[in-house]
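J.: To be precise about what I am sending: the file is called target.cif and holds mmCIF, C-alpha atoms and all ligand atoms.
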data_target
loop_
_atom_site.label_atom_id
_atom_site.label_comp_id
_atom_site.auth_asym_id
_atom_site.auth_seq_id
_atom_site.Cartn_x
_atom_site.Cartn_y
_atom_site.Cartn_z
CA LEU A 1 -43.47 26.07 -30.99
CA ILE A 2 -42.01 27.16 -34.34
CA ALA A 3 -39.64 24.18 -34.31
CA PHE A 4 -42.58 21.89 -33.56
CA LEU A 5 -44.65 23.39 -36.41
CA LEU A 6 -41.71 23.04 -38.80
CA TYR A 7 -41.29 19.45 -37.69
CA LEU A 8 -45.00 18.78 -38.28
CA PHE A 9 -44.72 20.39 -41.69
CA TYR A 10 -41.73 18.23 -42.49
CA LEU A 11 -43.71 15.12 -41.65
CA VAL A 12 -47.02 16.16 -43.20
CA ALA A 13 -45.90 17.83 -46.44
CA PRO A 14 -44.78 14.62 -48.16
CA ILE A 15 -47.96 12.77 -47.16
CA GLY A 16 -49.67 14.40 -50.16
CA GLN A 17 -47.02 12.93 -52.46
CA LEU A 18 -47.37 9.57 -50.80
CA VAL A 19 -51.13 9.51 -51.18
CA GLN A 20 -51.03 10.69 -54.80
CA GLY A 21 -48.15 8.59 -55.96
CA PHE A 22 -48.79 5.37 -54.16
CA THR A 23 -52.51 5.04 -53.71
CA GLN A 24 -52.18 1.34 -54.12
CA VAL A 25 -49.85 0.79 -51.25
CA GLN A 26 -51.00 -2.35 -49.56
CA ASN A 27 -53.60 -1.70 -46.91
CA GLY A 28 -53.03 -2.09 -43.26
CA LEU A 29 -49.88 -0.04 -42.84
CA ALA A 30 -49.82 1.65 -39.48
CA ALA A 31 -49.54 5.42 -39.59
CA VAL A 32 -46.05 5.41 -38.23
CA LYS A 33 -44.96 2.99 -40.91
CA ARG A 34 -46.30 5.36 -43.55
CA ILE A 35 -44.28 8.14 -42.03
CA ARG A 36 -41.23 5.96 -42.23
CA GLU A 37 -41.86 5.22 -45.89
CA ILE A 38 -41.98 8.96 -46.48
CA GLU A 39 -38.39 9.13 -45.45
CA GLU A 40 -37.61 7.04 -48.50
CA LEU A 41 -39.52 9.17 -50.97
CA PRO A 42 -37.56 11.10 -53.51
CA GLY A 43 -37.48 14.76 -52.66
CA GLU A 44 -35.16 16.96 -50.75
CA GLU A 45 -33.00 14.03 -49.82
CA THR A 46 -32.09 13.24 -53.42
CA THR A 47 -29.65 16.14 -53.25
CA VAL A 48 -27.76 14.11 -50.69
CA ALA A 49 -27.63 11.23 -53.16
CA VAL A 50 -24.98 12.99 -55.18
CA HIS A 51 -22.57 12.44 -52.32
CA ARG A 52 -23.43 8.82 -51.70
CA VAL A 53 -20.45 7.11 -53.21
CA GLY A 54 -17.81 6.27 -50.66
CA ARG A 55 -19.96 7.14 -47.68
CA THR A 56 -18.30 5.78 -44.59
CA PRO A 57 -20.15 3.72 -41.97
CA ALA A 58 -21.42 5.73 -39.00
CA GLY A 59 -21.33 4.64 -35.37
CA VAL A 60 -23.87 5.43 -32.65
CA VAL A 61 -23.46 6.27 -28.99
CA PHE A 62 -26.35 6.29 -26.51
CA GLU A 63 -25.20 7.94 -23.32
CA LYS A 64 -27.48 8.00 -20.28
CA VAL A 65 -30.53 8.37 -22.51
CA ALA A 66 -33.90 8.67 -20.79
CA PHE A 67 -37.25 8.77 -22.55
CA ARG A 68 -41.00 8.62 -21.95
CA TYR A 69 -43.63 8.85 -24.68
CA GLY A 70 -46.08 11.06 -22.85
CA ASP A 71 -46.53 11.80 -19.21
CA ASP A 72 -46.62 8.09 -18.64
CA ARG A 73 -44.01 5.90 -17.08
CA PRO A 74 -40.51 6.08 -18.55
CA VAL A 75 -39.96 3.73 -21.49
CA ILE A 76 -36.19 4.09 -21.40
CA HIS A 77 -35.19 4.05 -17.75
CA ASP A 78 -32.28 5.18 -15.67
CA GLY A 79 -30.16 6.44 -18.51
CA VAL A 80 -29.50 3.84 -21.17
CA SER A 81 -25.94 3.70 -22.48
CA PHE A 82 -24.53 1.54 -25.22
CA GLU A 83 -22.40 1.87 -28.30
CA VAL A 84 -22.80 0.70 -31.88
CA PRO A 85 -19.32 0.75 -33.41
CA ALA A 86 -18.99 2.06 -36.95
CA GLY A 87 -19.05 -0.88 -39.35
CA GLY A 88 -20.08 -4.38 -38.42
CA LEU A 89 -23.21 -5.91 -37.02
CA THR A 90 -24.79 -4.95 -33.71
CA ALA A 91 -28.02 -6.61 -32.58
CA LEU A 92 -30.70 -5.51 -30.14
CA VAL A 93 -32.52 -8.38 -28.47
CA GLY A 94 -34.95 -8.66 -25.60
CA PRO A 95 -38.53 -9.48 -24.77
CA SER A 96 -41.50 -7.64 -26.22
CA GLY A 97 -41.83 -4.15 -24.75
CA ALA A 98 -38.12 -3.94 -23.84
CA GLY A 99 -37.72 -0.71 -25.84
CA LYS A 100 -35.95 -1.94 -28.98
CA SER A 101 -38.25 -0.16 -31.46
CA THR A 102 -38.10 2.93 -29.29
CA VAL A 103 -34.33 2.99 -29.76
CA PHE A 104 -34.93 3.13 -33.54
CA ALA A 105 -37.61 5.82 -33.19
CA LEU A 106 -35.24 7.97 -31.12
CA LEU A 107 -32.40 7.50 -33.59
CA GLU A 108 -34.63 8.64 -36.42
CA ARG A 109 -35.90 11.51 -34.26
CA PHE A 110 -39.54 10.55 -34.53
CA TYR A 111 -39.39 11.42 -30.85
CA ASP A 112 -36.84 13.42 -28.92
CA HIS A 113 -35.24 11.86 -25.88
CA GLN A 114 -35.54 13.83 -22.66
CA GLY A 115 -32.23 13.02 -21.01
CA GLY A 116 -28.71 12.13 -22.02
CA THR A 117 -27.16 12.20 -25.47
CA ILE A 118 -27.53 10.25 -28.67
CA ALA A 119 -24.70 10.74 -31.14
CA VAL A 120 -24.43 9.49 -34.70
CA ASP A 121 -20.97 9.66 -36.20
CA GLY A 122 -19.80 11.51 -33.10
CA ARG A 123 -22.33 14.30 -33.49
CA ASP A 124 -25.34 14.88 -31.23
CA ILE A 125 -28.43 14.02 -33.30
CA ARG A 126 -30.04 17.28 -32.19
CA ASP A 127 -27.27 19.11 -34.02
CA TRP A 128 -27.85 17.26 -37.29
CA PRO A 129 -30.17 18.84 -39.87
CA LEU A 130 -33.07 16.38 -39.80
CA ALA A 131 -33.03 15.59 -43.53
CA GLU A 132 -29.29 14.96 -43.40
CA LEU A 133 -29.61 12.65 -40.42
CA ARG A 134 -32.38 10.66 -42.06
CA ALA A 135 -30.53 10.50 -45.38
CA CYS A 136 -27.67 8.91 -43.48
CA LEU A 137 -29.97 6.23 -42.02
CA GLY A 138 -31.57 3.37 -43.90
CA TYR A 139 -34.59 1.83 -42.25
CA VAL A 140 -36.01 -1.58 -43.09
CA GLU A 141 -39.21 -2.25 -41.29
CA GLN A 142 -40.58 -5.50 -39.98
CA ASP A 143 -42.62 -7.37 -42.57
CA ALA A 144 -42.02 -4.64 -45.13
CA PRO A 145 -44.80 -4.13 -47.67
CA VAL A 146 -44.26 -4.48 -51.40
CA LEU A 147 -45.85 -1.71 -53.45
CA ASP A 148 -48.12 -2.57 -56.35
CA GLY A 149 -45.69 -2.01 -59.22
CA THR A 150 -42.75 -3.65 -60.91
CA LEU A 151 -39.87 -5.00 -58.91
CA ARG A 152 -37.70 -2.26 -60.40
CA GLU A 153 -40.13 0.43 -59.22
CA ASN A 154 -40.12 -1.12 -55.79
CA LEU A 155 -36.36 -0.90 -55.69
CA VAL A 156 -35.73 2.56 -57.10
CA PHE A 157 -38.55 4.71 -55.84
CA ALA A 158 -36.36 5.96 -53.03
CA ALA A 159 -33.34 6.39 -55.31
CA PRO A 160 -34.59 7.38 -58.77
CA ASP A 161 -31.08 8.23 -59.90
CA ALA A 162 -29.84 4.67 -59.31
CA ALA A 163 -27.84 3.34 -62.27
CA GLU A 164 -28.25 -0.19 -63.66
CA ASP A 165 -24.91 -1.09 -62.09
CA ASP A 166 -26.12 0.05 -58.67
CA ILE A 167 -29.25 -2.06 -59.04
CA ALA A 168 -27.25 -5.10 -60.14
CA ARG A 169 -24.89 -4.63 -57.20
CA VAL A 170 -27.66 -4.53 -54.58
CA LEU A 171 -29.44 -7.49 -56.19
CA THR A 172 -26.27 -9.50 -55.71
CA ARG A 173 -25.79 -8.24 -52.15
CA THR A 174 -29.33 -9.19 -51.21
CA ARG A 175 -29.33 -12.56 -52.99
CA LEU A 176 -32.25 -11.50 -55.16
CA GLU A 177 -30.74 -12.53 -58.47
CA ASP A 178 -32.51 -15.90 -58.36
CA LEU A 179 -35.83 -14.20 -57.83
CA VAL A 180 -35.24 -11.87 -60.79
CA ALA A 181 -34.28 -14.84 -62.97
CA ARG A 182 -37.47 -16.64 -61.96
CA LEU A 183 -39.85 -13.76 -62.65
CA PRO A 184 -41.37 -13.83 -66.17
CA GLU A 185 -40.29 -10.29 -67.02
CA GLY A 186 -37.37 -10.05 -64.65
CA LEU A 187 -37.08 -6.69 -62.92
CA ASP A 188 -40.03 -5.41 -64.92
CA THR A 189 -42.44 -7.99 -63.54
CA ARG A 190 -45.32 -6.58 -61.59
CA VAL A 191 -45.19 -7.67 -57.96
CA GLY A 192 -47.17 -6.88 -54.85
CA HIS A 193 -50.88 -6.31 -54.50
CA ARG A 194 -51.92 -7.13 -58.09
CA GLY A 195 -48.80 -8.88 -59.25
CA ILE A 196 -46.74 -11.83 -58.17
CA MET A 197 -46.72 -12.14 -54.42
CA LEU A 198 -43.33 -12.41 -52.82
CA SER A 199 -42.58 -14.47 -49.75
CA GLY A 200 -41.84 -12.82 -46.40
CA GLY A 201 -38.12 -13.44 -46.82
CA GLU A 202 -38.08 -12.02 -50.35
CA ARG A 203 -40.05 -8.97 -49.23
CA GLN A 204 -37.55 -8.22 -46.51
CA ARG A 205 -34.64 -8.60 -48.92
CA VAL A 206 -36.37 -6.28 -51.41
CA ALA A 207 -36.71 -3.76 -48.59
CA ILE A 208 -33.02 -4.15 -47.75
CA ALA A 209 -32.10 -3.70 -51.42
CA ARG A 210 -34.26 -0.55 -51.57
CA ALA A 211 -32.52 0.84 -48.50
CA LEU A 212 -29.06 -0.05 -49.83
CA LEU A 213 -29.69 1.90 -53.03
CA ARG A 214 -29.59 5.00 -50.83
CA SER A 215 -26.17 3.93 -49.50
CA PRO A 216 -27.00 4.40 -45.84
CA ARG A 217 -24.17 4.99 -43.41
CA LEU A 218 -26.18 3.11 -40.80
CA LEU A 219 -28.80 0.51 -41.66
CA LEU A 220 -31.56 -0.01 -39.10
CA LEU A 221 -33.15 -3.38 -39.71
CA ASP A 222 -36.20 -4.57 -37.84
CA GLU A 223 -36.08 -8.23 -38.63
CA ALA A 224 -39.16 -9.81 -40.18
CA THR A 225 -41.38 -11.54 -37.67
CA SER A 226 -43.17 -13.54 -40.34
CA GLN A 227 -42.13 -17.16 -40.48
CA LEU A 228 -39.29 -17.68 -42.88
CA ASP A 229 -38.46 -21.07 -44.28
CA ALA A 230 -34.97 -22.41 -43.62
CA VAL A 231 -33.60 -21.25 -46.97
CA ASN A 232 -34.94 -17.72 -46.60
CA GLU A 233 -33.72 -17.54 -43.03
CA LEU A 234 -30.23 -18.58 -44.09
CA ARG A 235 -30.26 -16.09 -46.97
CA LEU A 236 -31.29 -13.25 -44.67
CA ARG A 237 -28.47 -14.14 -42.30
CA GLU A 238 -25.96 -14.15 -45.16
CA VAL A 239 -27.26 -10.85 -46.49
CA VAL A 240 -27.08 -9.16 -43.10
CA ALA A 241 -23.52 -10.41 -42.59
CA GLU A 242 -22.50 -9.19 -46.03
CA VAL A 243 -24.14 -5.77 -45.72
CA ALA A 244 -22.38 -5.36 -42.36
CA LYS A 245 -19.07 -5.53 -44.22
CA GLU A 246 -19.84 -2.30 -46.04
CA THR A 247 -21.88 -0.29 -43.56
CA THR A 248 -23.01 -0.25 -39.95
CA VAL A 249 -25.97 -2.54 -39.32
CA LEU A 250 -28.12 -2.32 -36.20
CA VAL A 251 -30.69 -5.09 -36.24
CA ILE A 252 -33.63 -5.74 -33.94
CA ALA A 253 -33.46 -9.49 -33.89
CA HIS A 254 -36.51 -11.58 -33.21
CA ARG A 255 -34.64 -14.76 -34.00
CA LEU A 256 -31.37 -15.30 -32.20
CA SER A 257 -30.17 -17.50 -35.03
CA THR A 258 -29.79 -14.34 -37.12
CA VAL A 259 -27.40 -12.72 -34.68
CA THR A 260 -25.24 -15.46 -33.28
CA GLY A 261 -22.45 -14.08 -35.45
CA ALA A 262 -23.03 -10.42 -34.50
CA ASP A 263 -20.01 -8.43 -33.38
CA ARG A 264 -21.99 -7.15 -30.43
CA ILE A 265 -25.39 -7.99 -28.95
CA VAL A 266 -27.22 -5.54 -26.67
CA VAL A 267 -29.75 -7.26 -24.41
CA MET A 268 -32.61 -4.97 -23.39
CA GLU A 269 -35.27 -5.61 -20.79
CA ALA A 270 -38.00 -3.25 -19.57
CA GLY A 271 -36.31 -0.11 -20.87
CA ARG A 272 -32.84 -0.95 -19.64
CA VAL A 273 -29.71 -2.42 -21.14
CA ARG A 274 -28.94 -5.42 -19.00
CA ALA A 275 -25.97 -6.89 -20.86
CA VAL A 276 -23.73 -6.40 -23.88
CA GLY A 277 -21.52 -9.04 -25.42
CA THR A 278 -21.07 -11.63 -28.11
CA HIS A 279 -23.35 -14.66 -28.34
CA GLU A 280 -20.85 -16.82 -26.47
CA GLU A 281 -20.22 -14.22 -23.77
CA LEU A 282 -23.92 -13.68 -23.18
CA LEU A 283 -24.67 -17.40 -23.06
CA ALA A 284 -22.08 -17.65 -20.32
CA ASP A 285 -23.00 -14.48 -18.40
CA ASP A 286 -26.61 -13.45 -18.89
CA THR A 287 -29.55 -15.47 -17.65
CA LEU A 288 -32.13 -13.65 -19.79
CA TYR A 289 -30.09 -14.25 -22.94
CA ARG A 290 -29.76 -17.91 -22.00
CA GLU A 291 -33.53 -18.10 -21.57
CA LEU A 292 -34.12 -16.44 -24.94
CA ALA A 293 -31.70 -18.87 -26.54
CA ALA A 294 -33.33 -21.83 -24.82
CA THR A 295 -36.83 -20.89 -25.99
CA GLN A 296 -35.51 -20.65 -29.51
CA PHE A 297 -34.01 -24.11 -29.39
CA LEU A 298 -30.44 -23.01 -29.59
CA LEU A 299 -29.86 -24.58 -26.22
CA PRO A 300 -31.38 -27.38 -24.21
CA ALA A 301 -33.95 -25.77 -21.86
P1 LIG B 1 -41.52 -5.51 -29.57
O1 LIG B 1 -40.44 -6.54 -29.71
O2 LIG B 1 -42.82 -6.09 -29.08
O3 LIG B 1 -41.69 -4.63 -30.77
P2 LIG B 1 -39.91 -3.50 -28.25
O4 LIG B 1 -38.79 -4.03 -27.44
O5 LIG B 1 -39.59 -2.98 -29.60
O6 LIG B 1 -41.08 -4.56 -28.33
P3 LIG B 1 -41.10 -0.90 -27.84
O7 LIG B 1 -42.03 -1.07 -29.01
O8 LIG B 1 -39.97 0.03 -27.98
O9 LIG B 1 -40.56 -2.34 -27.38
O10 LIG B 1 -41.99 -0.50 -26.59
C1 LIG B 1 -41.44 -0.17 -25.31
C2 LIG B 1 -42.57 0.33 -24.44
O11 LIG B 1 -43.05 1.57 -24.94
C3 LIG B 1 -43.77 -0.61 -24.39
O12 LIG B 1 -44.26 -0.62 -23.06
C4 LIG B 1 -44.75 0.02 -25.33
O13 LIG B 1 -46.08 -0.24 -24.93
C5 LIG B 1 -44.44 1.51 -25.19
N1 LIG B 1 -44.70 2.25 -26.44
C6 LIG B 1 -44.20 1.94 -27.66
N2 LIG B 1 -44.59 2.86 -28.58
C7 LIG B 1 -45.37 3.76 -27.91
C8 LIG B 1 -46.07 4.93 -28.28
N3 LIG B 1 -46.05 5.38 -29.53
N4 LIG B 1 -46.77 5.60 -27.31
C9 LIG B 1 -46.78 5.16 -26.03
N5 LIG B 1 -46.13 4.06 -25.60
C10 LIG B 1 -45.43 3.35 -26.52
#
Could you write out this structure as structure tokens?
T.:
Amino acid sequence: LIAFLLYLFYLVAPIGQLVQGFTQVQNGLAAVKRIREIEELPGEETTVAVHRVGRTPAGVVFEKVAFRYGDDRPVIHDGVSFEVPAGGLTALVGPSGAGKSTVFALLERFYDHQGGTIAVDGRDIRDWPLAELRACLGYVEQDAPVLDGTLRENLVFAAPDAAEDDIARVLTRTRLEDLVARLPEGLDTRVGHRGIMLSGGERQRVAIARALLRSPRLLLLDEATSQLDAVNELRLREVVAEVAKETTVLVIAHRLSTVTGADRIVVMEAGRVRAVGTHEELLADDTLYRELAATQFLLPA
């Protein structure tokens, strides 16, 4: 009970800061998304920032994990096992309801799994201090909101100690330099609700840049579902590939085109892992993957 109350306190305490500091956050964020934003607020985790430089990529192991949200049916069945090697790009794909977002929620310990083990960097996530675990993870949500403020504020609010060099570096990594050059006041241009509206692709890259400023050892990326034009789609693919050279990236991919070059693709269906492989291996071996590819015009139906 005490652990539960402490956990609640951990989640609820920063809500006051969120409400005070960012009253103009765009409407319509689901409660869980707000909680996730809290993880990026400056606070206790900034102490971890001091040690950011040179942080090594972290791998993940799911071993026979079982999970149900309430007393309902299991959402992760039969003990799900898969590995995300440290460094490189691993993708989760599968139909709606397969359990991909649940994998992220378990990794971030928004919920605790009931069976099996989840390890990050070889250490059971239940043995990690929660703040340390979350400081090690970067999370980029689907269709990430842009706060009403300058582009700079949008980038640094989770990493207020970021130096100009750090900002310049992540702008290059996320191919946002063109956007900055185009904005009338560059980084100090107001964007979001009352400022210049950014496209879906730009918003997601801003969210990636924000996450990178915290130097995550593992980046969890829930790919944007909003339609991206061809240029933005290509840019996102390039950015993901480049970020995967410096840290571990686990992406929930809604478009297979983003992950054809992934080192490893985990195909989930109805709470189970049904196949793991590269794009080519899965095209050859897995009927569901072939169907997903066919519906997305990568293959003749
Ligand atoms: P999508 O691509 O549509 O986001 P997904 O593969 O990410 O799907 P999940 O969101 O992980 O799938 O959902 C897996 C199952 O768990 C679904 O049946 C969903 O209805 C259920 N579920 C998800 N979140 C909750 C929750 N907070 N409480 C109860 N059930 C949930």
J.: Which is closer to ligand LIG 1 (chain B) than all the others in A:Ser81, A:Asn154, A:Thr225, A:Thr90, using only C-alpha atoms and all ligand atoms?
T.: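 Between A:Ser81, A:Asn154, A:Thr225, A:Thr90, the residue approaching ligand LIG 1 (chain B) most closely is A:Thr225.
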J.: Please write out the residues within 8 Å of ligand LIG 1 (chain B) as a PyMOL selection string, counting all atoms listed in the file.
T.: chain A and resi 68-70+72+75-76+93-103+252+254+268-271
J.: Which is closer to Asn232 (chain A) than all the others in A:Val170, A:Leu179, A:Ala58, A:Val266, using all atoms listed in the file?
T.: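 Going through A:Val170, A:Leu179, A:Ala58, A:Val266 one by one, the smallest distance to Asn232 (chain A) is for A:Leu179.
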J.: In Å to one decimal, how far is CA of Glu153 (chain A) from CA of Gly195 (chain A)?
T.: 12.7 Å
J.: Between A:Leu236, A:Val273, A:Ala135, A:Leu218, which residue has the minimum interatomic distance to Arg255 (chain A), considering all atoms listed in the file?
T.: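 Selected residue with least distance to Arg255 (chain A): A:Leu236.
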J.: Rounded to one decimal, what separation in Å do you get between CA of Ala162 (chain A) and CA of Gly200 (chain A)?
T.: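 CA of Gly200 (chain A) lies at a distance of 24.8 Å from CA of Ala162 (chain A).
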J.: Considering all atoms listed in the file, return as a list in words whatever protein or nucleic-acid residues lie within 10 Å of Ile125 (chain A), sequence-local ones (same chain, fewer than 6 positions apart) excluded.
T.: Val60, Leu106, Leu107, Glu108, Arg109, Asp112, Thr117, Ile118, Ala119 and Leu133 of chain A
